[in-house]
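Asks: Just one file: input.cif, with mmCIF, N, CA and C atoms.
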```cif
data_structure
loop_
_atom_site.label_atom_id
_atom_site.label_comp_id
_atom_site.auth_asym_id
_atom_site.auth_seq_id
_atom_site.Cartn_x
_atom_site.Cartn_y
_atom_site.Cartn_z
N MET A 1 -66.36 -155.01 3.88
CA MET A 1 -66.29 -153.79 4.67
C MET A 1 -67.47 -152.91 4.25
N ARG A 2 -68.20 -152.43 5.21
CA ARG A 2 -69.31 -151.52 4.97
C ARG A 2 -68.92 -150.14 5.49
N TYR A 3 -69.60 -149.12 4.99
CA TYR A 3 -69.32 -147.78 5.49
C TYR A 3 -70.59 -146.96 5.59
N THR A 4 -70.57 -146.00 6.48
CA THR A 4 -71.66 -145.03 6.59
C THR A 4 -71.03 -143.65 6.63
N VAL A 5 -71.72 -142.69 6.06
CA VAL A 5 -71.24 -141.32 6.06
C VAL A 5 -71.93 -140.58 7.19
N GLY A 6 -71.13 -140.01 8.09
CA GLY A 6 -71.66 -139.30 9.24
C GLY A 6 -71.72 -137.80 8.98
N GLU A 7 -71.16 -137.05 9.90
CA GLU A 7 -71.19 -135.59 9.84
C GLU A 7 -70.59 -135.08 8.53
N ARG A 8 -71.21 -134.06 7.97
CA ARG A 8 -70.71 -133.43 6.75
C ARG A 8 -70.78 -131.92 6.90
N THR A 9 -69.81 -131.24 6.32
CA THR A 9 -69.86 -129.78 6.28
C THR A 9 -70.63 -129.39 5.03
N PRO A 10 -71.07 -128.13 4.94
CA PRO A 10 -71.67 -127.67 3.69
C PRO A 10 -70.62 -127.65 2.58
N TRP A 11 -71.07 -127.59 1.33
CA TRP A 11 -70.14 -127.44 0.21
C TRP A 11 -69.60 -126.01 0.22
N TYR A 12 -68.28 -125.88 0.03
CA TYR A 12 -67.62 -124.58 -0.08
C TYR A 12 -67.16 -124.38 -1.52
N THR A 13 -67.20 -123.14 -2.00
CA THR A 13 -66.76 -122.82 -3.35
C THR A 13 -65.68 -121.75 -3.26
N PRO A 14 -64.41 -122.15 -3.12
CA PRO A 14 -63.34 -121.16 -3.00
C PRO A 14 -62.94 -120.54 -4.34
N ALA A 15 -63.29 -121.19 -5.46
CA ALA A 15 -62.96 -120.67 -6.79
C ALA A 15 -63.96 -121.24 -7.79
N ARG A 16 -64.15 -120.53 -8.91
CA ARG A 16 -65.06 -121.05 -9.94
C ARG A 16 -64.59 -122.41 -10.42
N GLY A 17 -65.51 -123.36 -10.44
CA GLY A 17 -65.18 -124.70 -10.91
C GLY A 17 -64.67 -125.64 -9.84
N LEU A 18 -64.57 -125.17 -8.58
CA LEU A 18 -64.05 -126.00 -7.49
C LEU A 18 -64.97 -125.89 -6.29
N THR A 19 -65.45 -127.02 -5.80
CA THR A 19 -66.20 -127.06 -4.54
C THR A 19 -65.62 -128.20 -3.70
N TRP A 20 -65.74 -128.06 -2.38
CA TRP A 20 -65.25 -129.10 -1.49
C TRP A 20 -66.05 -129.12 -0.20
N ARG A 21 -65.98 -130.26 0.49
CA ARG A 21 -66.59 -130.42 1.80
C ARG A 21 -65.87 -131.52 2.56
N ARG A 22 -66.04 -131.53 3.87
CA ARG A 22 -65.50 -132.60 4.71
C ARG A 22 -66.63 -133.57 5.07
N ALA A 23 -66.28 -134.83 5.21
CA ALA A 23 -67.27 -135.84 5.61
C ALA A 23 -66.57 -136.89 6.46
N LEU A 24 -67.22 -137.29 7.54
CA LEU A 24 -66.70 -138.35 8.40
C LEU A 24 -67.26 -139.66 7.89
N VAL A 25 -66.39 -140.60 7.54
CA VAL A 25 -66.81 -141.89 7.00
C VAL A 25 -66.40 -142.97 7.99
N ARG A 26 -67.39 -143.74 8.46
CA ARG A 26 -67.13 -144.82 9.41
C ARG A 26 -67.18 -146.16 8.67
N PHE A 27 -66.17 -146.99 8.92
CA PHE A 27 -66.08 -148.29 8.28
C PHE A 27 -66.41 -149.37 9.29
N THR A 28 -67.24 -150.30 8.89
CA THR A 28 -67.62 -151.43 9.73
C THR A 28 -67.12 -152.70 9.07
N PRO A 29 -66.22 -153.42 9.72
CA PRO A 29 -65.72 -154.66 9.12
C PRO A 29 -66.80 -155.72 9.05
N SER A 30 -66.70 -156.58 8.09
CA SER A 30 -67.58 -157.72 7.99
C SER A 30 -66.73 -158.90 7.55
N PRO A 31 -67.03 -160.08 7.83
CA PRO A 31 -68.22 -160.58 8.52
C PRO A 31 -68.20 -160.32 10.03
N ALA A 32 -69.29 -160.71 10.67
CA ALA A 32 -69.49 -160.42 12.09
C ALA A 32 -68.36 -160.92 13.00
N PRO A 33 -67.76 -162.11 12.80
CA PRO A 33 -66.70 -162.54 13.71
C PRO A 33 -65.54 -161.54 13.77
N LEU A 34 -65.24 -160.92 12.66
CA LEU A 34 -64.18 -159.92 12.65
C LEU A 34 -64.60 -158.73 13.51
N LEU A 35 -65.86 -158.35 13.44
CA LEU A 35 -66.38 -157.24 14.22
C LEU A 35 -66.21 -157.50 15.71
N GLN A 36 -66.41 -158.73 16.13
CA GLN A 36 -66.29 -159.08 17.54
C GLN A 36 -64.85 -158.92 18.03
N ARG A 37 -63.87 -159.09 17.13
CA ARG A 37 -62.47 -158.98 17.53
C ARG A 37 -62.01 -157.53 17.62
N LEU A 38 -62.73 -156.64 17.01
CA LEU A 38 -62.32 -155.24 17.01
C LEU A 38 -63.03 -154.46 18.10
N ALA A 39 -62.28 -153.66 18.81
CA ALA A 39 -62.87 -152.87 19.90
C ALA A 39 -63.54 -151.62 19.36
N GLN A 40 -63.08 -151.11 18.22
CA GLN A 40 -63.61 -149.86 17.69
C GLN A 40 -63.89 -150.00 16.20
N VAL A 41 -64.78 -149.17 15.73
CA VAL A 41 -65.04 -149.07 14.30
C VAL A 41 -64.11 -147.98 13.77
N ALA A 42 -63.44 -148.26 12.69
CA ALA A 42 -62.53 -147.29 12.11
C ALA A 42 -63.31 -146.14 11.47
N ALA A 43 -62.78 -144.94 11.57
CA ALA A 43 -63.41 -143.77 10.95
C ALA A 43 -62.32 -142.89 10.33
N LEU A 44 -62.64 -142.31 9.21
CA LEU A 44 -61.73 -141.41 8.53
C LEU A 44 -62.46 -140.12 8.20
N GLU A 45 -61.73 -139.02 8.25
CA GLU A 45 -62.31 -137.76 7.78
C GLU A 45 -61.85 -137.57 6.35
N TRP A 46 -62.80 -137.48 5.44
CA TRP A 46 -62.50 -137.29 4.03
C TRP A 46 -62.74 -135.85 3.65
N VAL A 47 -61.96 -135.38 2.70
CA VAL A 47 -62.24 -134.10 2.05
C VAL A 47 -62.64 -134.46 0.62
N VAL A 48 -63.87 -134.15 0.27
CA VAL A 48 -64.40 -134.47 -1.05
C VAL A 48 -64.28 -133.22 -1.91
N VAL A 49 -63.63 -133.35 -3.06
CA VAL A 49 -63.41 -132.22 -3.97
C VAL A 49 -64.13 -132.50 -5.27
N ARG A 50 -64.90 -131.52 -5.75
CA ARG A 50 -65.57 -131.62 -7.05
C ARG A 50 -64.96 -130.57 -7.98
N LEU A 51 -64.60 -131.01 -9.17
CA LEU A 51 -64.04 -130.09 -10.16
C LEU A 51 -64.94 -130.04 -11.38
N ASP A 52 -65.18 -128.85 -11.89
CA ASP A 52 -65.88 -128.66 -13.16
C ASP A 52 -64.78 -128.57 -14.21
N LEU A 53 -64.55 -129.65 -14.94
CA LEU A 53 -63.43 -129.71 -15.87
C LEU A 53 -63.58 -128.77 -17.06
N ALA A 54 -64.75 -128.15 -17.22
CA ALA A 54 -64.91 -127.12 -18.24
C ALA A 54 -64.34 -125.79 -17.75
N ARG A 55 -64.13 -125.67 -16.44
CA ARG A 55 -63.65 -124.40 -15.85
C ARG A 55 -62.25 -124.47 -15.26
N VAL A 56 -61.81 -125.67 -14.88
CA VAL A 56 -60.49 -125.81 -14.28
C VAL A 56 -59.71 -126.91 -15.00
N GLU A 57 -58.41 -126.84 -14.91
CA GLU A 57 -57.56 -127.86 -15.51
C GLU A 57 -56.98 -128.71 -14.39
N LEU A 58 -57.12 -130.01 -14.52
CA LEU A 58 -56.57 -130.95 -13.54
C LEU A 58 -55.18 -131.35 -14.01
N VAL A 59 -54.18 -131.06 -13.19
CA VAL A 59 -52.78 -131.32 -13.54
C VAL A 59 -52.11 -132.03 -12.38
N ALA A 60 -51.32 -133.04 -12.69
CA ALA A 60 -50.52 -133.72 -11.67
C ALA A 60 -49.11 -133.15 -11.73
N LEU A 61 -48.63 -132.70 -10.59
CA LEU A 61 -47.26 -132.19 -10.47
C LEU A 61 -46.55 -132.96 -9.39
N ARG A 62 -45.23 -133.02 -9.49
CA ARG A 62 -44.46 -133.71 -8.46
C ARG A 62 -43.67 -132.71 -7.67
N SER A 63 -43.85 -132.75 -6.37
CA SER A 63 -43.08 -131.92 -5.47
C SER A 63 -41.70 -132.54 -5.28
N PRO A 64 -40.66 -131.73 -5.19
CA PRO A 64 -39.34 -132.30 -4.98
C PRO A 64 -39.14 -132.87 -3.57
N ASP A 65 -40.05 -132.55 -2.66
CA ASP A 65 -39.98 -133.10 -1.31
C ASP A 65 -41.41 -133.29 -0.80
N ALA A 66 -41.57 -133.62 0.44
CA ALA A 66 -42.89 -133.92 1.00
C ALA A 66 -43.63 -132.68 1.48
N LYS A 67 -43.12 -131.50 1.19
CA LYS A 67 -43.74 -130.26 1.67
C LYS A 67 -44.74 -129.74 0.64
N LEU A 68 -45.89 -130.39 0.54
CA LEU A 68 -46.89 -130.10 -0.48
C LEU A 68 -47.39 -128.66 -0.44
N VAL A 69 -47.73 -128.15 0.74
CA VAL A 69 -48.31 -126.81 0.84
C VAL A 69 -47.32 -125.76 0.35
N GLU A 70 -46.08 -125.86 0.79
CA GLU A 70 -45.07 -124.90 0.34
C GLU A 70 -44.87 -124.98 -1.17
N PHE A 71 -44.85 -126.19 -1.71
CA PHE A 71 -44.69 -126.39 -3.15
C PHE A 71 -45.85 -125.75 -3.92
N ALA A 72 -47.08 -126.03 -3.49
CA ALA A 72 -48.27 -125.53 -4.19
C ALA A 72 -48.34 -124.01 -4.18
N ARG A 73 -47.91 -123.39 -3.10
CA ARG A 73 -47.94 -121.92 -3.01
C ARG A 73 -47.06 -121.27 -4.08
N ASN A 74 -46.05 -121.98 -4.56
CA ASN A 74 -45.11 -121.43 -5.53
C ASN A 74 -45.43 -121.78 -6.97
N VAL A 75 -46.57 -122.45 -7.21
CA VAL A 75 -46.97 -122.80 -8.57
C VAL A 75 -48.07 -121.83 -8.99
N PRO A 76 -47.83 -121.02 -10.04
CA PRO A 76 -48.84 -120.05 -10.47
C PRO A 76 -50.16 -120.71 -10.87
N GLY A 77 -51.27 -120.12 -10.46
CA GLY A 77 -52.59 -120.59 -10.86
C GLY A 77 -53.17 -121.72 -10.05
N VAL A 78 -52.47 -122.24 -9.07
CA VAL A 78 -52.99 -123.36 -8.27
C VAL A 78 -54.12 -122.86 -7.37
N ILE A 79 -55.27 -123.53 -7.45
CA ILE A 79 -56.39 -123.19 -6.56
C ILE A 79 -56.64 -124.29 -5.53
N ALA A 80 -56.04 -125.45 -5.73
CA ALA A 80 -56.15 -126.55 -4.77
C ALA A 80 -55.00 -127.51 -4.99
N ALA A 81 -54.58 -128.17 -3.92
CA ALA A 81 -53.52 -129.18 -4.02
C ALA A 81 -53.93 -130.36 -3.16
N ILE A 82 -53.74 -131.55 -3.69
CA ILE A 82 -54.13 -132.77 -2.99
C ILE A 82 -52.96 -133.74 -3.03
N ASP A 83 -52.61 -134.28 -1.87
CA ASP A 83 -51.61 -135.34 -1.82
C ASP A 83 -52.33 -136.61 -2.24
N GLY A 84 -51.98 -137.11 -3.41
CA GLY A 84 -52.68 -138.26 -3.96
C GLY A 84 -52.55 -139.53 -3.15
N GLY A 85 -51.55 -139.62 -2.29
CA GLY A 85 -51.40 -140.81 -1.47
C GLY A 85 -50.98 -142.03 -2.27
N TYR A 86 -50.60 -141.85 -3.52
CA TYR A 86 -50.22 -142.98 -4.35
C TYR A 86 -48.73 -142.94 -4.67
N PHE A 87 -47.96 -142.35 -3.77
CA PHE A 87 -46.52 -142.24 -3.96
C PHE A 87 -45.78 -143.15 -3.00
N GLU A 88 -44.62 -143.54 -3.44
CA GLU A 88 -43.74 -144.35 -2.62
C GLU A 88 -43.00 -143.45 -1.63
N PRO A 89 -42.35 -144.03 -0.63
CA PRO A 89 -41.61 -143.20 0.35
C PRO A 89 -40.58 -142.27 -0.30
N ASN A 90 -40.05 -142.63 -1.48
CA ASN A 90 -39.07 -141.77 -2.16
C ASN A 90 -39.76 -140.73 -3.05
N LEU A 91 -41.10 -140.59 -2.92
CA LEU A 91 -41.94 -139.63 -3.66
C LEU A 91 -42.14 -139.98 -5.13
N GLU A 92 -41.73 -141.17 -5.56
CA GLU A 92 -42.00 -141.62 -6.93
C GLU A 92 -43.44 -142.15 -6.98
N PRO A 93 -44.14 -141.95 -8.10
CA PRO A 93 -45.49 -142.53 -8.22
C PRO A 93 -45.43 -144.05 -8.15
N SER A 94 -46.49 -144.67 -7.64
CA SER A 94 -46.56 -146.13 -7.52
C SER A 94 -46.91 -146.79 -8.84
N GLY A 95 -47.28 -146.03 -9.83
CA GLY A 95 -47.64 -146.58 -11.13
C GLY A 95 -47.52 -145.51 -12.20
N LEU A 96 -48.16 -145.75 -13.31
CA LEU A 96 -48.09 -144.83 -14.44
C LEU A 96 -48.78 -143.51 -14.09
N LEU A 97 -48.09 -142.41 -14.32
CA LEU A 97 -48.65 -141.07 -14.10
C LEU A 97 -48.19 -140.21 -15.26
N VAL A 98 -49.15 -139.71 -16.04
CA VAL A 98 -48.87 -138.83 -17.17
C VAL A 98 -49.71 -137.58 -16.98
N SER A 99 -49.10 -136.42 -17.11
CA SER A 99 -49.82 -135.16 -16.97
C SER A 99 -49.23 -134.16 -17.95
N GLY A 100 -50.08 -133.49 -18.70
CA GLY A 100 -49.61 -132.50 -19.67
C GLY A 100 -48.68 -133.11 -20.70
N GLY A 101 -48.90 -134.38 -21.03
CA GLY A 101 -48.06 -135.06 -22.01
C GLY A 101 -46.72 -135.53 -21.47
N ARG A 102 -46.46 -135.28 -20.18
CA ARG A 102 -45.20 -135.70 -19.56
C ARG A 102 -45.43 -136.94 -18.71
N ARG A 103 -44.58 -137.91 -18.90
CA ARG A 103 -44.66 -139.15 -18.12
C ARG A 103 -43.90 -138.94 -16.81
N LEU A 104 -44.62 -139.08 -15.69
CA LEU A 104 -44.02 -138.86 -14.37
C LEU A 104 -43.81 -140.15 -13.60
N GLY A 105 -44.31 -141.25 -14.12
CA GLY A 105 -44.17 -142.55 -13.46
C GLY A 105 -44.25 -143.64 -14.51
N VAL A 106 -43.98 -144.86 -14.10
CA VAL A 106 -44.02 -146.00 -15.03
C VAL A 106 -45.03 -147.02 -14.52
N PRO A 107 -45.63 -147.81 -15.44
CA PRO A 107 -46.56 -148.85 -14.99
C PRO A 107 -45.86 -149.79 -14.01
N GLY A 108 -46.57 -150.19 -12.98
CA GLY A 108 -45.98 -151.08 -11.99
C GLY A 108 -47.04 -151.89 -11.28
N ARG A 109 -46.61 -152.88 -10.56
CA ARG A 109 -47.54 -153.76 -9.86
C ARG A 109 -48.29 -153.04 -8.75
N ARG A 110 -47.69 -152.00 -8.17
CA ARG A 110 -48.33 -151.30 -7.05
C ARG A 110 -49.17 -150.12 -7.53
N GLY A 111 -49.40 -150.01 -8.82
CA GLY A 111 -50.09 -148.86 -9.37
C GLY A 111 -51.60 -148.88 -9.27
N GLY A 112 -52.18 -149.80 -8.56
CA GLY A 112 -53.62 -149.82 -8.38
C GLY A 112 -54.34 -150.66 -9.42
N SER A 113 -55.67 -150.59 -9.39
CA SER A 113 -56.47 -151.43 -10.28
C SER A 113 -57.14 -150.64 -11.39
N GLY A 114 -56.94 -149.35 -11.43
CA GLY A 114 -57.57 -148.54 -12.48
C GLY A 114 -56.73 -147.34 -12.83
N VAL A 115 -57.13 -146.67 -13.89
CA VAL A 115 -56.41 -145.51 -14.38
C VAL A 115 -57.39 -144.37 -14.52
N LEU A 116 -57.08 -143.22 -13.91
CA LEU A 116 -57.88 -142.02 -14.07
C LEU A 116 -57.39 -141.33 -15.33
N VAL A 117 -58.29 -141.14 -16.29
CA VAL A 117 -57.96 -140.49 -17.55
C VAL A 117 -58.80 -139.23 -17.67
N VAL A 118 -58.15 -138.09 -17.87
CA VAL A 118 -58.84 -136.83 -18.10
C VAL A 118 -58.52 -136.41 -19.52
N CYS A 119 -59.54 -136.31 -20.37
CA CYS A 119 -59.34 -135.97 -21.78
C CYS A 119 -60.54 -135.18 -22.27
N ASP A 120 -60.28 -134.08 -22.94
CA ASP A 120 -61.35 -133.24 -23.50
C ASP A 120 -62.39 -132.83 -22.46
N GLY A 121 -61.93 -132.48 -21.25
CA GLY A 121 -62.83 -132.01 -20.22
C GLY A 121 -63.68 -133.07 -19.56
N ARG A 122 -63.32 -134.33 -19.72
CA ARG A 122 -64.09 -135.43 -19.13
C ARG A 122 -63.14 -136.36 -18.40
N ALA A 123 -63.55 -136.80 -17.21
CA ALA A 123 -62.74 -137.74 -16.43
C ALA A 123 -63.39 -139.12 -16.46
N ASP A 124 -62.59 -140.15 -16.67
CA ASP A 124 -63.06 -141.54 -16.67
C ASP A 124 -62.09 -142.38 -15.86
N LEU A 125 -62.60 -143.35 -15.14
CA LEU A 125 -61.78 -144.33 -14.44
C LEU A 125 -61.85 -145.61 -15.25
N LEU A 126 -60.71 -146.02 -15.81
CA LEU A 126 -60.66 -147.18 -16.69
C LEU A 126 -59.93 -148.34 -16.02
N PRO A 127 -60.31 -149.58 -16.33
CA PRO A 127 -59.58 -150.72 -15.76
C PRO A 127 -58.14 -150.72 -16.27
N ILE A 128 -57.24 -151.22 -15.47
CA ILE A 128 -55.82 -151.19 -15.83
C ILE A 128 -55.49 -152.15 -16.95
N ASP A 129 -56.25 -153.21 -17.11
CA ASP A 129 -55.92 -154.19 -18.16
C ASP A 129 -56.75 -153.96 -19.34
#
```
Write out the structure in this file as structure tokens.
Replies:
Amino acid sequence: MRYTVGERTPWYTPARGLTWRRALVRFTPSPAPLLQRLAQVAALEWVVVRLDLARVELVALRSPDAKLVEFARNVPGVIAAIDGGYFEPNLEPSGLLVSGGRRLGVPGRRGGSGVLVVCDGRADLLPID
């Protein structure tokens, strides 16, 4: 699968340490025979968020229901909220999730291929094994 980045908005800075922008990403399937079977190229609108971990704290919280915006409005100090998309229909994490020393999920087969680790103001994506 190949992709190209199309239209982009400028970077916005709603708070110190947080910038974001929208970008349209078009995906082109490969190899060519697959392309011939598809009538359209898939496209997604992404919201890209950059955090300065020296200025903001990245915390994972679990909403008791699927109403993310309402939940985030009631958490003091929240400047941005993102639905991670890595939750099961029952809102449980699909794999290991630890935030603030609290374990919010357990390792599992559907937990992806890597682990995002934030420690001492630095973020790293580590292999799961």
Asks: Once 3 Å is added on each side, what centre and edge lengths in Å to one decimal does the axis-aligned box around all listed atoms of region 57-72 of chain A have, as lines of an AutoDock Vina configuration file?
Replies:
```
center_x = -48.8
center_y = -129.0
center_z = -6.9
size_x = 25.3
size_y = 15.9
size_z = 23.2
```
Asks: Could you check the closest approach to Leu51 (chain A) for each of A:Val118, A:Leu96, A:Ala72, A:Leu18 and tell me which residue wins, using all atoms listed in the file?
Replies: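 Distance minimum relative to Leu51 (chain A) lands on A:Leu18.
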Asks: I'd like the interatomic distance between atom C of Leu126 (chain A) and atom C of Gly105 (chain A), to a tenth of an Å.
Replies: 16.4 Å
Asks: Can you measure atom C of Leu58 (chain A) to atom C of Ser94 (chain A) for me? One decimal in Å is fine.
Replies: 18.3 Å
Asks: Atom N of Gly100 (chain A) and atom C of Arg122 (chain A) are how many Å apart?
Replies: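 Distance between the two atoms: 13.4 Å.
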Asks: Using only C-alpha atoms for the distances, tell me which of A:Pro10, A:Gly121, A:Pro127, A:Pro93 is nearest to Ala23 (chain A).
Replies: A:Pro10
Asks: Using all atoms listed in the file, which of the listed residues (A:Val48, A:Val117, A:Ala81, A:Leu91) sits closest to Ala66 (chain A)?
Replies: A:Leu91
Asks: For a cut-off of 8 Å around (-65.8, -141.3, 4.9), file coordinates, pick out all residues using only N, CA and C atoms and list them as an mmCIF file with N, CA and C atoms, in the frame of the given file.
Replies:
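Dumped to out21.cif:
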```cif
data_model
loop_
_atom_site.group_PDB
_atom_site.id
_atom_site.type_symbol
_atom_site.label_atom_id
_atom_site.label_comp_id
_atom_site.auth_asym_id
_atom_site.auth_seq_id
_atom_site.Cartn_x
_atom_site.Cartn_y
_atom_site.Cartn_z
ATOM 1 N N TYR A 3 -69.600 -149.120 4.990
ATOM 2 C CA TYR A 3 -69.320 -147.780 5.490
ATOM 3 C C TYR A 3 -70.590 -146.960 5.590
ATOM 4 N N THR A 4 -70.570 -146.000 6.480
ATOM 5 C CA THR A 4 -71.660 -145.030 6.590
ATOM 6 C C THR A 4 -71.030 -143.650 6.630
ATOM 7 N N VAL A 5 -71.720 -142.690 6.060
ATOM 8 C CA VAL A 5 -71.240 -141.320 6.060
ATOM 9 C C VAL A 5 -71.930 -140.580 7.190
ATOM 10 N N GLY A 6 -71.130 -140.010 8.090
ATOM 11 C CA GLY A 6 -71.660 -139.300 9.240
ATOM 12 C C GLY A 6 -71.720 -137.800 8.980
ATOM 13 N N ARG A 22 -66.040 -131.530 3.870
ATOM 14 C CA ARG A 22 -65.500 -132.600 4.710
ATOM 15 C C ARG A 22 -66.630 -133.570 5.070
ATOM 16 N N ALA A 23 -66.280 -134.830 5.210
ATOM 17 C CA ALA A 23 -67.270 -135.840 5.610
ATOM 18 C C ALA A 23 -66.570 -136.890 6.460
ATOM 19 N N LEU A 24 -67.220 -137.290 7.540
ATOM 20 C CA LEU A 24 -66.700 -138.350 8.400
ATOM 21 C C LEU A 24 -67.260 -139.660 7.890
ATOM 22 N N VAL A 25 -66.390 -140.600 7.540
ATOM 23 C CA VAL A 25 -66.810 -141.890 7.000
ATOM 24 C C VAL A 25 -66.400 -142.970 7.990
ATOM 25 N N ARG A 26 -67.390 -143.740 8.460
ATOM 26 C CA ARG A 26 -67.130 -144.820 9.410
ATOM 27 C C ARG A 26 -67.180 -146.160 8.670
ATOM 28 N N PHE A 27 -66.170 -146.990 8.920
ATOM 29 C CA PHE A 27 -66.080 -148.290 8.280
ATOM 30 C C PHE A 27 -66.410 -149.370 9.290
ATOM 31 N N ALA A 43 -62.780 -144.940 11.570
ATOM 32 C CA ALA A 43 -63.410 -143.770 10.950
ATOM 33 C C ALA A 43 -62.320 -142.890 10.330
ATOM 34 N N LEU A 44 -62.640 -142.310 9.210
ATOM 35 C CA LEU A 44 -61.730 -141.410 8.530
ATOM 36 C C LEU A 44 -62.460 -140.120 8.200
ATOM 37 N N GLU A 45 -61.730 -139.020 8.250
ATOM 38 C CA GLU A 45 -62.310 -137.760 7.780
ATOM 39 C C GLU A 45 -61.850 -137.570 6.350
ATOM 40 N N TRP A 46 -62.800 -137.480 5.440
ATOM 41 C CA TRP A 46 -62.500 -137.290 4.030
ATOM 42 C C TRP A 46 -62.740 -135.850 3.650
ATOM 43 N N VAL A 47 -61.960 -135.380 2.700
ATOM 44 C CA VAL A 47 -62.240 -134.100 2.050
ATOM 45 C C VAL A 47 -62.640 -134.460 0.620
#
```
Asks: I'd like the neighbourhood of Arg103 (chain A) as a list in words, where a residue qualifies if any of its atoms comes within 12 Å (using only C-alpha atoms), though same-chain residues fewer than 4 positions away should be ignored.
Replies: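 The contact residues come out as Ala60, Leu61, Arg62, Glu92, Pro93, Gly95, Leu96, Leu97, Val98, Ser99 and Pro107 of chain A.
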Asks: Carefully work through the PyMOL selection byres (((chain A and resi 56 and name CA) around 10) and name CA) for this structure and note down the residues it includes, as number ranges by chain.
Replies: A: 15-18, 51-55, 57-59, 78-79, 121
Asks: Pick the closest to Val49 (chain A) from A:Arg21, A:Val115, A:Ala80, A:Asn90: which is it, counting all atoms listed in the file?
Replies: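 Result for the nearest residue to Val49 (chain A): A:Arg21.
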Asks: Can region 89-94 of chain A be brought up to all heavy atoms and written out as a PDB file, in the coordinates of the input?
Replies:
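So selection.pdb came out as:
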```pdb
ATOM      1  N   PRO A  89     -42.350-144.030  -0.630  1.00  0.00           N
ATOM      2  CA  PRO A  89     -41.610-143.200   0.350  1.00  0.00           C
ATOM      3  C   PRO A  89     -40.580-142.270  -0.300  1.00  0.00           C
ATOM      4  O   PRO A  89     -40.287-141.196   0.211  1.00  0.00           O
ATOM      5  CB  PRO A  89     -40.930-144.232   1.248  1.00  0.00           C
ATOM      6  CG  PRO A  89     -41.803-145.434   1.153  1.00  0.00           C
ATOM      7  CD  PRO A  89     -42.339-145.437  -0.255  1.00  0.00           C
ATOM      8  N   ASN A  90     -40.050-142.630  -1.480  1.00  0.00           N
ATOM      9  CA  ASN A  90     -39.070-141.770  -2.160  1.00  0.00           C
ATOM     10  C   ASN A  90     -39.760-140.730  -3.050  1.00  0.00           C
ATOM     11  O   ASN A  90     -39.114-140.074  -3.860  1.00  0.00           O
ATOM     12  CB  ASN A  90     -38.089-142.611  -2.974  1.00  0.00           C
ATOM     13  CG  ASN A  90     -38.762-143.337  -4.136  1.00  0.00           C
ATOM     14  OD1 ASN A  90     -39.977-143.252  -4.336  1.00  0.00           O
ATOM     15  ND2 ASN A  90     -37.979-144.067  -4.890  1.00  0.00           N
ATOM     16  N   LEU A  91     -41.100-140.590  -2.920  1.00  0.00           N
ATOM     17  CA  LEU A  91     -41.940-139.630  -3.660  1.00  0.00           C
ATOM     18  C   LEU A  91     -42.140-139.980  -5.130  1.00  0.00           C
ATOM     19  O   LEU A  91     -42.671-139.189  -5.882  1.00  0.00           O
ATOM     20  CB  LEU A  91     -41.407-138.196  -3.517  1.00  0.00           C
ATOM     21  CG  LEU A  91     -41.290-137.685  -2.079  1.00  0.00           C
ATOM     22  CD1 LEU A  91     -40.741-136.274  -2.063  1.00  0.00           C
ATOM     23  CD2 LEU A  91     -42.618-137.753  -1.366  1.00  0.00           C
ATOM     24  N   GLU A  92     -41.730-141.170  -5.560  1.00  0.00           N
ATOM     25  CA  GLU A  92     -42.000-141.620  -6.930  1.00  0.00           C
ATOM     26  C   GLU A  92     -43.440-142.150  -6.980  1.00  0.00           C
ATOM     27  O   GLU A  92     -43.910-142.750  -6.032  1.00  0.00           O
ATOM     28  CB  GLU A  92     -41.037-142.751  -7.315  1.00  0.00           C
ATOM     29  CG  GLU A  92     -39.597-142.316  -7.465  1.00  0.00           C
ATOM     30  CD  GLU A  92     -39.392-141.441  -8.694  1.00  0.00           C
ATOM     31  OE1 GLU A  92     -40.006-141.708  -9.740  1.00  0.00           O
ATOM     32  OE2 GLU A  92     -38.603-140.487  -8.595  1.00  0.00           O
ATOM     33  N   PRO A  93     -44.140-141.950  -8.100  1.00  0.00           N
ATOM     34  CA  PRO A  93     -45.490-142.530  -8.220  1.00  0.00           C
ATOM     35  C   PRO A  93     -45.430-144.050  -8.150  1.00  0.00           C
ATOM     36  O   PRO A  93     -44.441-144.662  -8.560  1.00  0.00           O
ATOM     37  CB  PRO A  93     -45.938-142.090  -9.619  1.00  0.00           C
ATOM     38  CG  PRO A  93     -45.072-140.922  -9.958  1.00  0.00           C
ATOM     39  CD  PRO A  93     -43.766-141.150  -9.261  1.00  0.00           C
ATOM     40  N   SER A  94     -46.490-144.670  -7.640  1.00  0.00           N
ATOM     41  CA  SER A  94     -46.560-146.130  -7.520  1.00  0.00           C
ATOM     42  C   SER A  94     -46.910-146.790  -8.840  1.00  0.00           C
ATOM     43  O   SER A  94     -46.872-148.005  -8.950  1.00  0.00           O
ATOM     44  CB  SER A  94     -47.600-146.533  -6.476  1.00  0.00           C
ATOM     45  OG  SER A  94     -47.219-146.059  -5.213  1.00  0.00           O
TER      46      SER A  94
END
```
